[in-house]
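Notes for the one structure printed next.
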Amino acid sequence: MNGVGGLRINWAPISHSWVRMAILRRKNDPDGIRVTFATALDQTVRAKCSSCGRIDIIPKRMCLEMRACDKCRNAVLFAIIAEDASDDR
Ligand SMILES: [Zn+2]
């Protein structure tokens, strides 16, 4: 665990979730595990409609702006979700 602003945070579960959401990349390195941001905005991710819960596979850049949901037709933000959210708590 590392401290941030005096808080003790266990980063492993957070980084694993963010890797599954394609926000971070993890690489094994001789010094340990290297974590970098995955900033390719054209990379597709699973994203969920904040109104009806529909899940689409869309480019990350489309999660940064309002878009019309194909199911509920509301103009909403889609939230990036993990590739396999079944083990999220
Ligand atoms: Zn919707």
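We name chains A, B, ... following the order of the structure tokens; residues begin at 1 in each chain, and ligands are numbered from 1 as shown.
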
Each chain A residue no farther than 12 Å from ligand 1, nearest pair in Å, only C-alpha atoms and all ligand atoms, as CSV:
residue,atom,partner,partner_atom_place_in_ligand_line,distance
A:Ala47,CA,ligand 1,1 (Zn),10.8
A:Lys48,CA,ligand 1,1 (Zn),8.0
A:Cys49,CA,ligand 1,1 (Zn),4.7
A:Ser50,CA,ligand 1,1 (Zn),6.7
A:Ser51,CA,ligand 1,1 (Zn),5.0
A:Cys52,CA,ligand 1,1 (Zn),4.0
A:Gly53,CA,ligand 1,1 (Zn),5.9
A:Arg54,CA,ligand 1,1 (Zn),5.4
A:Ile55,CA,ligand 1,1 (Zn),8.5
A:Asp56,CA,ligand 1,1 (Zn),9.8
A:Met66,CA,ligand 1,1 (Zn),11.5
A:Arg67,CA,ligand 1,1 (Zn),9.7
A:Ala68,CA,ligand 1,1 (Zn),7.7
A:Cys69,CA,ligand 1,1 (Zn),4.6
A:Asp70,CA,ligand 1,1 (Zn),6.6
A:Lys71,CA,ligand 1,1 (Zn),5.1
A:Cys72,CA,ligand 1,1 (Zn),4.1
A:Arg73,CA,ligand 1,1 (Zn),6.2
A:Asn74,CA,ligand 1,1 (Zn),6.1
A:Ala75,CA,ligand 1,1 (Zn),8.2
A:Val76,CA,ligand 1,1 (Zn),7.5
A:Leu77,CA,ligand 1,1 (Zn),9.4
A:Phe78,CA,ligand 1,1 (Zn),8.7
A:Ala79,CA,ligand 1,1 (Zn),11.3

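Within chain A, residues classed as alpha helix (DSSP H) by DSSP on backbone coordinates are A:Trp11, A:Ala12, A:Pro13, A:Ile14, A:Ser15, A:His16, A:Ser17, A:Trp18, A:Val19, A:Arg20.
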
Near Thr36 in chain A, counting only C-alpha atoms, which residues have an atom at most 10 Å away, once you skip same-chain residues fewer than 4 positions from it, shown as an mmCIF file with C-alpha atoms, in the first residue's frame?
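Resulting contents of result_22.cif:
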data_model
loop_
_atom_site.group_PDB
_atom_site.id
_atom_site.type_symbol
_atom_site.label_atom_id
_atom_site.label_comp_id
_atom_site.auth_asym_id
_atom_site.auth_seq_id
_atom_site.Cartn_x
_atom_site.Cartn_y
_atom_site.Cartn_z
ATOM 1 C CA VAL A 19 -6.932 -2.446 -16.587
ATOM 2 C CA ILE A 23 -7.933 2.810 -18.849
ATOM 3 C CA LEU A 24 -4.575 1.465 -17.615
ATOM 4 C CA ARG A 25 -2.033 -0.978 -19.029
ATOM 5 C CA ARG A 26 0.124 -3.185 -16.787
ATOM 6 C CA LYS A 27 3.483 -4.555 -17.939
#

CA of Asp29 in chain A to CA of Gly6 in chain A: how many Å, to one decimal?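 Interatomic distance here is 27.9 Å.
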
Would you mind reading off the distance between CA of Glu83 in chain A and CA of Asn10 in chain A, one decimal, in Å? 21.3 Å

What gap, in Å, lies between CA of Val45 in chain A and CA of Leu64 in chain A?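 Going from CA of Val45 in chain A over to CA of Leu64 in chain A, I get 12.5 Å.
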
Residue neighbourhood Lys60 in chain A, 9 Å, only C-alpha atoms, exclusion window fewer than 3 positions, as a PyMOL selection string: chain A and resi 39-47+63-64+80
